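Written out below as structure tokens is the structure these notes cover.
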2 protein chains.
Amino acid sequence: MVDVAAELARVLGRKVVVDTDRMSPWTRDQSPLAKVGTPAAVVRATSVEDVVTTLRLASQTGTPLVTRGAGSGLSGGANASDGCIVLSVEGMNQILDIDVAHRTATVQPGVINADLAKAVAEHGLRYTPDPGSRDISSIGGNIATNAGGMSCCKYGVTADHVAALTAVLPDGSVIRTGGSTRKNVAGLDLTRLLIGSEGTLAVVVEATVWLRPAVEEEATVVAMFPTLEQAMRAVVAVTAATTPSAVELMDRTTVAAVNAMTGMDIDATAEAVLLVTYDGASAAADAASSEAEAAAQGASEVFRTDDRVEGTELMSARRMALPALERLGSILLDDVGVPVERLPAMVADIQAIATKHEVTIGTFGHAADGNLHPTIIYDAEDAGQRERALAAFTDIVRAALALGGTISGEHGIGSLKMPFVSEMYGEAEVALMHRIKHAFDPQGVMNPGRGY
Amino acid sequence: MVDVAAELARVLGRKVVVDTDRMSPWTRDQSPLAKVGTPAAVVRATSVEDVVTTLRLASQTGTPLVTRGAGSGLSGGANASDGCIVLSVEGMNQILDIDVAHRTATVQPGVINADLAKAVAEHGLRYTPDPGSRDISSIGGNIATNAGGMSCCKYGVTADHVAALTAVLPDGSVIRTGGSTRKNVAGLDLTRLLIGSEGTLAVVVEATVWLRPAVEEEATVVAMFPTLEQAMRAVVAVTAATTPSAVELMDRTTVAAVNAMTGMDIDATAEAVLLVTYDGASAAADAASSEAEAAAQGASEVFRTDDRVEGTELMSARRMALPALERLGSILLDDVGVPVERLPAMVADIQAIATKHEVTIGTFGHAADGNLHPTIIYDAEDAGQRERALAAFTDIVRAALALGGTISGEHGIGSLKMPFVSEMYGEAEVALMHRIKHAFDPQGVMNPGRGY
């Protein structure tokens with residue numbers, strides 16, 4: 001039997017880590033509860049050839065392979081399993097090209113989202129996908145999970161911004177998918193199949209993404225509501241009448257946590273705060289209309305700013321929601337999506353679940369997409385609380401399904417949501433996904449036990 | 001050996017046509033040159049059960065199965081092969097639901113695109129995908145080819161508007177893909193994999209599509225240019241500065257043909273006419289900016305109208321391009337896409353190809369997407385002309401590839417473009433597509449020899 005770790009070290013030298021202690025930075029993502037094992041080796045790839053070599057060896061030896069980018073995932077998708085190879089592409093972090101005329105950028109998978117956004121901004125362009133993690137998450141990871149963010153309601157998710165991919169198949173062959181044209185109906189859509197596949201099919205080693213022109217005009221509406229349901233009815237009304245560039249929710253628990261962490265002074269007497277932003281030529285007019293709509297839905301306070309600095313500050317406060325809640329205890333972060341008009345029902349369900357299981361839930365999220373992150377706060381040392389937190393997590397996922405929603409809006413299935421896949425899809429769909437995986441990965445080495 | 005036609009007739013009765021003459025309306029699409037064979041039987045399905053029955057029998061007997069909607073395809077994708085079963089879903093033409101609050105419509109595959117657009121317009125909503133064939137093409141066919149159209153430059157192609165599909169696999173099992181939420185990262189993206197797969201994987205029996213609010217403001221700019229290259233440079237400039245809802249090109253040959261057919265009086269002295277439309281709040285301002293841009297790029301005449309009737313009339317003239325050119329002789333319609341900024345090079349190549357092969361080429365198309373339809377006009381009775389037309393067709397496809405483009409922007413590969421698939425993709429990509437097909441269709445009965 002081949003000693004995979006030794007063989008990798010022989011071929012790739014100092015790029016391979018095999019010492020258990022030294023491997024630990026690459027063994028897990030940021031989900032506190034997903035299972036973690038001890039890998040046989042960590043490969044810190046710096047080239048396509050490194051990836052090819054690693055995949056070939058994994059396939060030949062039948063060794064499970066877990067690919068990771070920045071490790072900012074929230075579902076355990078990049079957690080090591082016992083005896084696996086962890087393939088880190090964080091060292092492949094070059095922006096290879098910014099084509100201003102064609103409005104595309106070509107990057108290696110380890111490029112951090114915010115770094116790409118900053119680089120293209122110097123050319124008057126925007127990379128719009130803006131997951132909450134954008135300062136720490138990589139484009140490769142964004143592609144693996146089809147990451148969402150705040151601006152999806154107007155500009156779409158990561159998949160909507162990927163023109164072409166270069167990926168390595170488990171047998172070491174390199175494929176190029178997609179193209180440089182806006183329309184292309186030649187062959188099966190391999191690009192979309194790879195996006196969101198959570199490392200189960202191939203390893204993306206290069207991506208060409210679409211850029212957009214920078215926007216001048218921006219406007220932000222802030223509205224406080226006496227109840228979450230009223231806030232969600234306002235979201236339904238606002239998104240029916242206008243196309244915001246973001247509609248972000250923070251409930252009272254979240255606002256208090258953000259205030260405590262940042263020293264900001266957002267109104268923490270309201271049950272819900274909505275931040276609604278617009279960009280483009282009609283930003284001011286749309287903001288005025290949505291201000292009126294929020295008032296009509298019973299907002300206790302509503303104000304508007306066209307000041308970009310103030311708007312950015314408020315949105316930064318919202319981006320602090322997760323770290324702020326993490327300071328209150330152990331957290332169990334959920335990620336569900338429902339049709340927008342069912343948001344009032346979803347928040348009512350979340351409140352009922354919190355009461356039933358006697359847990360605190362701080363809810364924030366991307367309301368215009370129907371994508372919420374109910375975050376259960378509990379004491380991990382207390383077995384009873386832990387059990388109740390897990391029960392509440394499960395109930396939230398099932399409530400979203402019952403409302404015609406999804407078990408994951410943007411974080412992916414990883415290992416954490418695996419139990420729910422068969423509740424969302426039927427046997428025929430899951431079996432088909434496995435047959436498609438087999439078409440890529442006949443040895444079954446690519447991130448087994450994740451995704452579907 | 002099972003007599004497939006007799007068995008189908010036994011089970012499905014009068015829905016099955018086996019007489020050669022009576023089958024002819026269902027044997028071909030609208031591509032004049034693609035191969036056509038004689039089917040064993042035509043099944044006119046009216047229910048999911050009919051589709052299941054037909055697919056099961058095709059799989060069990062290894063009989064090739066060609067699915068067709070309205071038969072308006074342009075690449076031979078729905079043409080019968082000898083001994084195949086033609087499965088027509090044109091009778092499955094019910095709009096099952098229009099959900100105004102959620103802005104979705106759920107339809108059977110045989111619903112005509114324009115009928116859906118009309119039905120949702122009554123609710124103040126739009127179904128934006130608008131292929132040139134929208135009056136005669138079906139949603140199922142639009143999905144099979146990932147149909148484009150005029151508004152794609154602002155609103156995207158068919159794939160961008162499909163939320164969920166119900167499809168029958170070759171073994172008769174029924175799958176549901178996608179969902180009703182804007183974000184969903186649970187499992188592989190089966191929806192996108194089916195869209196554009198040209199009947200090679202499964203039969204779509206139900207589709208839920210996204211709708212958009214109707215727009216009030218519209219504006220149209222019409223610009224005439226002394227050369228095609230200038231017109232294309234104007235497209236590059238206009239799409240860099242604004243987001244039009246359509247940018248349509250007609251060259252001189254096309255304009256003359258449209259005038260002759262419709263009795264309209266569009267300026268036929270210019271080498272190129274551009275129709276640029278805008279919708280939404282900034283329509284008038286954007287139109288003014290693009291009027292100035294066209295003038296700066298050397299337009300010989302440019303005018304603007306905010307009159308919706310006049311705008312619609314001009315666009316209707318453009319929609320007549322294909323039938324108008326068909327009156328000039330036999331036609332060979334191409335469909336290529338290039339990065340927008342390479343349009344000036346592409347039209348120069350097309351002109352050089354016309355000169356080299358001594359053929360007339362009328363070029364029209366969706367310039368903002370880089371998607372052109374160079375249409376070769378020739379005398380099919382003249383062997384020399386036929387040969388030169390085919391040579392020009394091939395050169396145009398290769399010119400698009402050389403400019404980093406695609407062999408099909410919106411019509412699909414069908415059988416017509418099959419020779420070029422391996423020039424666009426490498427062996428590894430095509431082999432992977434075939435393995436994925438095998439995961440759906442182990443017997444290889446689904447539209448063999450088409451798509452990839």
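Residues in the structure tokens are numbered from 1 in each chain, the chains being A, B, ... in the order shown, and ligands are numbered from 1 in the order shown.
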
Next on the checklist: Should the cut-off be 7 Å, what would the residue list for chain A against chain B look like, counting only C-alpha atoms, as a PyMOL selection string?
Outcome noted: chain A and resi 101-102+145-146+173+175+180-189+192-193+196-197+281-282+337-339+341+369+404-410+412-413+428-429+433+435-436+439+451-452

**Which of range 123-249 of chain A DSSP labels helix (DSSP H, G or I), written as a VMD selection string** = chain A and resid 139 to 144 152 to 155 158 to 161 190 to 194 228 to 241

ask   = Residues at most 7 Å from Val107 in chain A, counting only C-alpha atoms, excluding those fewer than 2 positions away in the same chain, as an MDAnalysis selection string?
value = chainID A and resid 94:97 105 109 111 206:208

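Of all the residues in range 223-256 of chain B, the ones DSSP labels as strand (DSSP E) from the backbone are Ala223, Met224, Phe225, Ala246, Val247, Glu248, Leu249, Met250 and Asp251 of chain B.
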
Just write the chosen residues, N, CA, C and O atoms, as a short mmCIF file (atom, residue, chain, number, x, y, z; two decimals), in the first residue's frame.
```cif
data_model
loop_
_atom_site.label_atom_id
_atom_site.label_comp_id
_atom_site.auth_asym_id
_atom_site.auth_seq_id
_atom_site.Cartn_x
_atom_site.Cartn_y
_atom_site.Cartn_z
N ALA B 223 -29.90 54.83 -35.36
CA ALA B 223 -28.71 55.47 -35.91
C ALA B 223 -28.27 54.75 -37.18
O ALA B 223 -28.26 53.52 -37.24
N MET B 224 -27.95 55.53 -38.21
CA MET B 224 -27.47 54.99 -39.49
C MET B 224 -25.97 55.27 -39.60
O MET B 224 -25.52 56.36 -39.23
N PHE B 225 -25.23 54.32 -40.15
CA PHE B 225 -23.78 54.49 -40.24
C PHE B 225 -23.29 54.22 -41.66
O PHE B 225 -23.81 53.32 -42.34
N ALA B 246 -31.89 46.69 -25.48
CA ALA B 246 -31.62 45.98 -26.74
C ALA B 246 -30.72 46.86 -27.59
O ALA B 246 -30.82 48.09 -27.54
N VAL B 247 -29.83 46.23 -28.35
CA VAL B 247 -29.08 46.93 -29.40
C VAL B 247 -29.09 46.01 -30.60
O VAL B 247 -28.39 45.01 -30.64
N GLU B 248 -29.93 46.36 -31.57
CA GLU B 248 -30.13 45.48 -32.72
C GLU B 248 -29.50 46.08 -33.96
O GLU B 248 -29.63 47.27 -34.24
N LEU B 249 -28.84 45.22 -34.70
CA LEU B 249 -28.18 45.62 -35.95
C LEU B 249 -28.95 45.08 -37.15
O LEU B 249 -29.40 43.93 -37.14
N MET B 250 -29.08 45.93 -38.19
CA MET B 250 -29.45 45.45 -39.53
C MET B 250 -28.46 46.06 -40.51
O MET B 250 -28.27 47.28 -40.51
N ASP B 251 -27.84 45.21 -41.32
CA ASP B 251 -26.97 45.79 -42.33
C ASP B 251 -27.81 46.18 -43.56
O ASP B 251 -29.02 45.95 -43.61
#
```

Closest of A:Ala367, A:Ala260, A:Leu314, A:Ala5 to Val235 in chain A, counting only C-alpha atoms, is A:Ala367

Between CA of Glu216 in chain A and CA of Leu125 in chain A lies a distance of 11.3 Å

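With only C-alpha atoms as the atoms that count, the minimum distance from Glu229 in chain A to the choices A:Leu274, A:Leu33, A:Ala321, A:Leu328 is reached by A:Leu274.
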
Identify, on the basis of only C-alpha atoms, every residue whose closest approach to Val276 in chain B does not exceed 12 Å; exclude the query and any residue fewer than 2 positions from it along the same chain; express the result as an mmCIF file with N, CA, C and O atoms, in the first residue's frame.
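Heads up, here's the output in result_12.cif:
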```cif
data_model
loop_
_atom_site.group_PDB
_atom_site.id
_atom_site.type_symbol
_atom_site.label_atom_id
_atom_site.label_comp_id
_atom_site.auth_asym_id
_atom_site.auth_seq_id
_atom_site.Cartn_x
_atom_site.Cartn_y
_atom_site.Cartn_z
ATOM 1 N N MET B 150 -33.539 39.629 -27.783
ATOM 2 C CA MET B 150 -33.082 41.011 -27.892
ATOM 3 C C MET B 150 -32.750 41.633 -26.541
ATOM 4 O O MET B 150 -31.856 42.456 -26.436
ATOM 5 N N SER B 151 -33.485 41.256 -25.516
ATOM 6 C CA SER B 151 -33.348 41.951 -24.231
ATOM 7 C C SER B 151 -32.283 41.329 -23.333
ATOM 8 O O SER B 151 -32.123 41.731 -22.186
ATOM 9 N N CYS B 153 -29.145 41.566 -23.240
ATOM 10 C CA CYS B 153 -28.039 42.422 -22.810
ATOM 11 C C CYS B 153 -28.378 43.096 -21.497
ATOM 12 O O CYS B 153 -27.489 43.418 -20.719
ATOM 13 N N LYS B 154 -29.652 43.300 -21.208
ATOM 14 C CA LYS B 154 -30.033 43.865 -19.906
ATOM 15 C C LYS B 154 -30.579 42.791 -18.966
ATOM 16 O O LYS B 154 -30.297 42.815 -17.770
ATOM 17 N N GLU B 218 -39.949 54.002 -21.872
ATOM 18 C CA GLU B 218 -39.147 53.383 -22.924
ATOM 19 C C GLU B 218 -38.621 54.469 -23.843
ATOM 20 O O GLU B 218 -39.258 55.514 -24.012
ATOM 21 N N ALA B 219 -37.471 54.224 -24.410
ATOM 22 C CA ALA B 219 -36.913 55.169 -25.376
ATOM 23 C C ALA B 219 -36.122 54.393 -26.416
ATOM 24 O O ALA B 219 -35.515 53.369 -26.101
ATOM 25 N N THR B 220 -36.159 54.848 -27.640
ATOM 26 C CA THR B 220 -35.467 54.175 -28.738
ATOM 27 C C THR B 220 -34.601 55.168 -29.501
ATOM 28 O O THR B 220 -35.043 56.281 -29.793
ATOM 29 N N VAL B 221 -33.381 54.748 -29.785
ATOM 30 C CA VAL B 221 -32.489 55.543 -30.633
ATOM 31 C C VAL B 221 -32.275 54.778 -31.937
ATOM 32 O O VAL B 221 -32.037 53.571 -31.910
ATOM 33 N N VAL B 222 -32.382 55.460 -33.046
ATOM 34 C CA VAL B 222 -32.107 54.857 -34.354
ATOM 35 C C VAL B 222 -30.909 55.591 -34.954
ATOM 36 O O VAL B 222 -30.904 56.821 -34.991
ATOM 37 N N ALA B 223 -29.904 54.825 -35.361
ATOM 38 C CA ALA B 223 -28.706 55.466 -35.906
ATOM 39 C C ALA B 223 -28.265 54.745 -37.183
ATOM 40 O O ALA B 223 -28.262 53.520 -37.242
ATOM 41 N N MET B 224 -27.946 55.527 -38.205
ATOM 42 C CA MET B 224 -27.471 54.991 -39.491
ATOM 43 C C MET B 224 -25.971 55.275 -39.598
ATOM 44 O O MET B 224 -25.523 56.361 -39.231
ATOM 45 N N ALA B 231 -20.547 51.350 -36.982
ATOM 46 C CA ALA B 231 -21.720 50.961 -36.188
ATOM 47 C C ALA B 231 -21.295 50.089 -35.004
ATOM 48 O O ALA B 231 -21.777 50.253 -33.881
ATOM 49 N N ALA B 234 -19.699 52.031 -32.344
ATOM 50 C CA ALA B 234 -20.732 52.718 -31.567
ATOM 51 C C ALA B 234 -21.351 51.777 -30.525
ATOM 52 O O ALA B 234 -21.632 52.178 -29.395
ATOM 53 N N VAL B 235 -21.526 50.507 -30.902
ATOM 54 C CA VAL B 235 -22.074 49.528 -29.949
ATOM 55 C C VAL B 235 -21.142 49.381 -28.745
ATOM 56 O O VAL B 235 -21.580 49.363 -27.587
ATOM 57 N N VAL B 238 -21.517 52.588 -26.666
ATOM 58 C CA VAL B 238 -22.830 52.714 -26.022
ATOM 59 C C VAL B 238 -22.980 51.716 -24.875
ATOM 60 O O VAL B 238 -23.471 52.053 -23.798
ATOM 61 N N THR B 239 -22.524 50.481 -25.078
ATOM 62 C CA THR B 239 -22.684 49.481 -24.014
ATOM 63 C C THR B 239 -21.680 49.692 -22.886
ATOM 64 O O THR B 239 -21.893 49.217 -21.773
ATOM 65 N N THR B 242 -23.754 52.780 -20.991
ATOM 66 C CA THR B 242 -25.136 52.619 -20.530
ATOM 67 C C THR B 242 -25.522 51.142 -20.579
ATOM 68 O O THR B 242 -24.772 50.315 -21.089
ATOM 69 N N THR B 243 -26.692 50.814 -20.056
ATOM 70 C CA THR B 243 -27.214 49.450 -20.139
ATOM 71 C C THR B 243 -28.505 49.458 -20.950
ATOM 72 O O THR B 243 -29.589 49.617 -20.416
ATOM 73 N N PRO B 244 -28.385 49.284 -22.267
ATOM 74 C CA PRO B 244 -29.585 49.281 -23.116
ATOM 75 C C PRO B 244 -30.411 48.012 -22.874
ATOM 76 O O PRO B 244 -29.875 46.994 -22.408
ATOM 77 N N SER B 245 -31.703 48.066 -23.199
ATOM 78 C CA SER B 245 -32.529 46.864 -23.128
ATOM 79 C C SER B 245 -32.479 46.090 -24.443
ATOM 80 O O SER B 245 -32.950 44.955 -24.521
ATOM 81 N N ALA B 246 -31.892 46.688 -25.482
ATOM 82 C CA ALA B 246 -31.619 45.976 -26.737
ATOM 83 C C ALA B 246 -30.723 46.857 -27.592
ATOM 84 O O ALA B 246 -30.821 48.088 -27.544
ATOM 85 N N VAL B 247 -29.833 46.227 -28.351
ATOM 86 C CA VAL B 247 -29.078 46.930 -29.397
ATOM 87 C C VAL B 247 -29.088 46.014 -30.603
ATOM 88 O O VAL B 247 -28.385 45.008 -30.644
ATOM 89 N N GLU B 248 -29.928 46.356 -31.569
ATOM 90 C CA GLU B 248 -30.131 45.484 -32.717
ATOM 91 C C GLU B 248 -29.503 46.085 -33.961
ATOM 92 O O GLU B 248 -29.626 47.274 -34.236
ATOM 93 N N LEU B 249 -28.836 45.222 -34.698
ATOM 94 C CA LEU B 249 -28.182 45.618 -35.948
ATOM 95 C C LEU B 249 -28.945 45.078 -37.148
ATOM 96 O O LEU B 249 -29.400 43.929 -37.141
ATOM 97 N N MET B 250 -29.076 45.929 -38.190
ATOM 98 C CA MET B 250 -29.450 45.446 -39.528
ATOM 99 C C MET B 250 -28.459 46.059 -40.507
ATOM 100 O O MET B 250 -28.272 47.276 -40.507
ATOM 101 N N VAL B 273 -27.775 49.962 -39.791
ATOM 102 C CA VAL B 273 -28.742 50.647 -38.932
ATOM 103 C C VAL B 273 -28.692 49.993 -37.561
ATOM 104 O O VAL B 273 -28.708 48.767 -37.457
ATOM 105 N N LEU B 274 -28.608 50.820 -36.526
ATOM 106 C CA LEU B 274 -28.689 50.315 -35.152
ATOM 107 C C LEU B 274 -29.978 50.798 -34.515
ATOM 108 O O LEU B 274 -30.340 51.968 -34.634
ATOM 109 N N TYR B 278 -33.987 51.554 -24.541
ATOM 110 C CA TYR B 278 -33.804 51.636 -23.091
ATOM 111 C C TYR B 278 -35.157 51.522 -22.428
ATOM 112 O O TYR B 278 -36.172 51.931 -22.992
ATOM 113 N N ASP B 279 -35.169 50.947 -21.225
ATOM 114 C CA ASP B 279 -36.384 51.016 -20.432
ATOM 115 C C ASP B 279 -36.014 51.382 -19.000
ATOM 116 O O ASP B 279 -34.853 51.351 -18.615
ATOM 117 N N ALA B 283 -34.367 55.893 -18.867
ATOM 118 C CA ALA B 283 -34.434 55.584 -20.302
ATOM 119 C C ALA B 283 -34.155 56.812 -21.164
ATOM 120 O O ALA B 283 -33.325 56.767 -22.082
ATOM 121 N N ALA B 284 -34.827 57.914 -20.874
ATOM 122 C CA ALA B 284 -34.679 59.097 -21.729
ATOM 123 C C ALA B 284 -33.259 59.641 -21.656
ATOM 124 O O ALA B 284 -32.650 59.967 -22.688
ATOM 125 N N ASP B 286 -30.497 58.018 -20.820
ATOM 126 C CA ASP B 286 -29.569 57.078 -21.459
ATOM 127 C C ASP B 286 -29.659 57.169 -22.980
ATOM 128 O O ASP B 286 -28.652 57.080 -23.685
ATOM 129 N N ALA B 287 -30.883 57.333 -23.478
ATOM 130 C CA ALA B 287 -31.069 57.438 -24.919
ATOM 131 C C ALA B 287 -30.371 58.689 -25.447
ATOM 132 O O ALA B 287 -29.727 58.653 -26.500
ATOM 133 N N ALA B 288 -30.481 59.785 -24.711
ATOM 134 C CA ALA B 288 -29.813 61.031 -25.126
ATOM 135 C C ALA B 288 -28.304 60.812 -25.184
ATOM 136 O O ALA B 288 -27.635 61.224 -26.135
ATOM 137 N N SER B 289 -27.775 60.108 -24.172
ATOM 138 C CA SER B 289 -26.333 59.871 -24.142
ATOM 139 C C SER B 289 -25.910 58.977 -25.301
ATOM 140 O O SER B 289 -24.866 59.195 -25.928
ATOM 141 N N SER B 290 -26.744 58.006 -25.630
ATOM 142 C CA SER B 290 -26.317 57.084 -26.686
ATOM 143 C C SER B 290 -26.504 57.712 -28.070
ATOM 144 O O SER B 290 -25.782 57.384 -29.020
ATOM 145 N N GLU B 291 -27.441 58.642 -28.182
ATOM 146 C CA GLU B 291 -27.603 59.426 -29.415
ATOM 147 C C GLU B 291 -26.308 60.211 -29.679
ATOM 148 O O GLU B 291 -25.771 60.199 -30.800
ATOM 149 N N GLU B 293 -23.368 59.541 -28.517
ATOM 150 C CA GLU B 293 -22.279 58.592 -28.756
ATOM 151 C C GLU B 293 -22.295 58.116 -30.210
ATOM 152 O O GLU B 293 -21.243 57.995 -30.853
ATOM 153 N N ALA B 294 -23.499 57.821 -30.716
ATOM 154 C CA ALA B 294 -23.612 57.369 -32.110
ATOM 155 C C ALA B 294 -23.115 58.455 -33.057
ATOM 156 O O ALA B 294 -22.386 58.172 -34.020
ATOM 157 N N VAL B 302 -29.091 60.193 -36.967
ATOM 158 C CA VAL B 302 -29.472 59.578 -35.696
ATOM 159 C C VAL B 302 -30.678 60.316 -35.145
ATOM 160 O O VAL B 302 -30.761 61.539 -35.207
ATOM 161 N N PHE B 303 -31.668 59.554 -34.711
ATOM 162 C CA PHE B 303 -32.825 60.201 -34.088
ATOM 163 C C PHE B 303 -33.357 59.330 -32.956
ATOM 164 O O PHE B 303 -33.010 58.162 -32.832
ATOM 165 N N ARG B 304 -34.191 59.961 -32.156
ATOM 166 C CA ARG B 304 -34.605 59.346 -30.916
ATOM 167 C C ARG B 304 -36.122 59.461 -30.814
ATOM 168 O O ARG B 304 -36.697 60.459 -31.237
ATOM 169 N N THR B 305 -36.749 58.423 -30.252
ATOM 170 C CA THR B 305 -38.174 58.530 -30.005
ATOM 171 C C THR B 305 -38.509 57.941 -28.647
ATOM 172 O O THR B 305 -37.995 56.894 -28.274
ATOM 173 N N ASP B 306 -39.338 58.649 -27.898
ATOM 174 C CA ASP B 306 -39.837 58.092 -26.638
ATOM 175 C C ASP B 306 -41.247 57.541 -26.858
ATOM 176 O O ASP B 306 -41.899 57.082 -25.921
ATOM 177 N N GLY B 311 -41.358 53.023 -31.420
ATOM 178 C CA GLY B 311 -40.284 52.123 -31.005
ATOM 179 C C GLY B 311 -40.624 50.678 -31.324
ATOM 180 O O GLY B 311 -39.795 49.910 -31.847
ATOM 181 N N THR B 312 -41.854 50.284 -31.037
ATOM 182 C CA THR B 312 -42.293 48.914 -31.273
ATOM 183 C C THR B 312 -42.309 48.589 -32.762
ATOM 184 O O THR B 312 -41.935 47.493 -33.184
ATOM 185 N N LEU B 314 -40.387 49.868 -35.124
ATOM 186 C CA LEU B 314 -39.017 49.685 -35.601
ATOM 187 C C LEU B 314 -38.500 48.317 -35.189
ATOM 188 O O LEU B 314 -37.853 47.611 -35.962
ATOM 189 N N MET B 315 -38.813 47.926 -33.960
ATOM 190 C CA MET B 315 -38.340 46.635 -33.487
ATOM 191 C C MET B 315 -39.045 45.504 -34.252
ATOM 192 O O MET B 315 -38.441 44.468 -34.519
ATOM 193 N N ARG B 318 -37.246 44.951 -37.380
ATOM 194 C CA ARG B 318 -36.047 44.147 -37.134
ATOM 195 C C ARG B 318 -36.408 42.664 -37.000
ATOM 196 O O ARG B 318 -35.690 41.784 -37.481
ATOM 197 N N HIS B 366 -28.040 40.682 -32.416
ATOM 198 C CA HIS B 366 -28.133 41.289 -31.094
ATOM 199 C C HIS B 366 -26.753 41.815 -30.725
ATOM 200 O O HIS B 366 -25.975 41.169 -30.016
ATOM 201 N N ALA B 367 -26.444 43.005 -31.217
ATOM 202 C CA ALA B 367 -25.068 43.486 -31.169
ATOM 203 C C ALA B 367 -24.571 43.685 -29.735
ATOM 204 O O ALA B 367 -23.391 43.453 -29.459
ATOM 205 N N ALA B 368 -25.440 44.082 -28.818
ATOM 206 C CA ALA B 368 -24.974 44.361 -27.447
ATOM 207 C C ALA B 368 -24.447 43.105 -26.764
ATOM 208 O O ALA B 368 -23.672 43.190 -25.816
#
```

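Using only C-alpha atoms, the protein and nucleic acid residues lying no more than 8 Å from Gly199 in chain B, apart from those fewer than 2 places from it along its own chain, are Val66, Thr67, Gly77, Ala144, Ser197, Leu201, Ala202, Val203, Met446 and Asn447 of chain B.
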
Just the selected residues (C-alpha atoms), exported as a short mmCIF file (atom, residue, chain, number, x, y, z; two decimals), in the first residue's frame, please.
```
data_model
loop_
_atom_site.label_atom_id
_atom_site.label_comp_id
_atom_site.auth_asym_id
_atom_site.auth_seq_id
_atom_site.Cartn_x
_atom_site.Cartn_y
_atom_site.Cartn_z
CA VAL B 66 -36.22 13.20 -30.43
CA THR B 67 -38.22 15.64 -28.33
CA GLY B 77 -31.94 19.73 -32.96
CA ALA B 144 -33.78 23.19 -24.55
CA SER B 197 -28.99 20.47 -23.22
CA LEU B 201 -30.60 14.46 -21.08
CA ALA B 202 -34.28 14.54 -20.13
CA VAL B 203 -37.68 15.89 -21.19
CA MET B 446 -31.90 10.90 -25.97
CA ASN B 447 -31.40 12.85 -29.20
#
```

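Among the candidates A:Arg134, A:His123, A:Arg56, A:Arg252, the one nearest to Ser316 in chain A when counting only C-alpha atoms is A:Arg134.
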
Select from range 32-99 of chain A every residue with an atom at most 7 Å from any atom of range 11-27 of chain A, then for each give the shortest pair of atoms and their distance in Å to one decimal, using only C-alpha atoms, rows by chain and rising number, as a tab-separated table.
```
residue	atom	partner	partner_atom	distance
A:Ala40	CA	A:Val18	CA	6.4
A:Ala41	CA	A:Val18	CA	4.6
A:Val42	CA	A:Val17	CA	5.0
A:Val43	CA	A:Val16	CA	4.6
A:Arg44	CA	A:Lys15	CA	5.1
A:Ala45	CA	A:Lys15	CA	6.6
A:Asn79	CA	A:Thr27	CA	5.5
A:Ala80	CA	A:Thr27	CA	5.0
```

Expected file contents, prior selection, N, CA, C and O atoms, as an mmCIF file, in the first residue's frame:
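Just written: selection.cif:
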```
data_model
loop_
_atom_site.group_PDB
_atom_site.id
_atom_site.type_symbol
_atom_site.label_atom_id
_atom_site.label_comp_id
_atom_site.auth_asym_id
_atom_site.auth_seq_id
_atom_site.Cartn_x
_atom_site.Cartn_y
_atom_site.Cartn_z
ATOM 1 N N ALA A 40 -4.050 13.020 6.411
ATOM 2 C CA ALA A 40 -2.745 12.372 6.229
ATOM 3 C C ALA A 40 -1.702 13.411 5.832
ATOM 4 O O ALA A 40 -0.533 13.307 6.211
ATOM 5 N N ALA A 41 -2.126 14.414 5.079
ATOM 6 C CA ALA A 41 -1.186 15.436 4.616
ATOM 7 C C ALA A 41 -1.952 16.669 4.173
ATOM 8 O O ALA A 41 -3.111 16.583 3.772
ATOM 9 N N VAL A 42 -1.256 17.811 4.265
ATOM 10 C CA VAL A 42 -1.774 19.048 3.699
ATOM 11 C C VAL A 42 -0.851 19.454 2.552
ATOM 12 O O VAL A 42 0.366 19.501 2.740
ATOM 13 N N VAL A 43 -1.445 19.700 1.389
ATOM 14 C CA VAL A 43 -0.662 20.188 0.255
ATOM 15 C C VAL A 43 -0.963 21.662 0.063
ATOM 16 O O VAL A 43 -2.121 22.037 -0.121
ATOM 17 N N ARG A 44 0.073 22.479 0.129
ATOM 18 C CA ARG A 44 -0.112 23.919 -0.122
ATOM 19 C C ARG A 44 0.289 24.196 -1.563
ATOM 20 O O ARG A 44 1.434 24.514 -1.861
ATOM 21 N N ALA A 45 -0.693 24.058 -2.447
ATOM 22 C CA ALA A 45 -0.412 24.162 -3.886
ATOM 23 C C ALA A 45 -0.091 25.601 -4.269
ATOM 24 O O ALA A 45 -0.702 26.540 -3.755
ATOM 25 N N ASN A 79 -13.731 20.931 5.986
ATOM 26 C CA ASN A 79 -13.120 20.247 7.132
ATOM 27 C C ASN A 79 -12.437 18.949 6.688
ATOM 28 O O ASN A 79 -12.962 18.212 5.851
ATOM 29 N N ALA A 80 -11.282 18.680 7.289
ATOM 30 C CA ALA A 80 -10.569 17.440 6.993
ATOM 31 C C ALA A 80 -11.353 16.236 7.504
ATOM 32 O O ALA A 80 -12.091 16.333 8.490
#
```
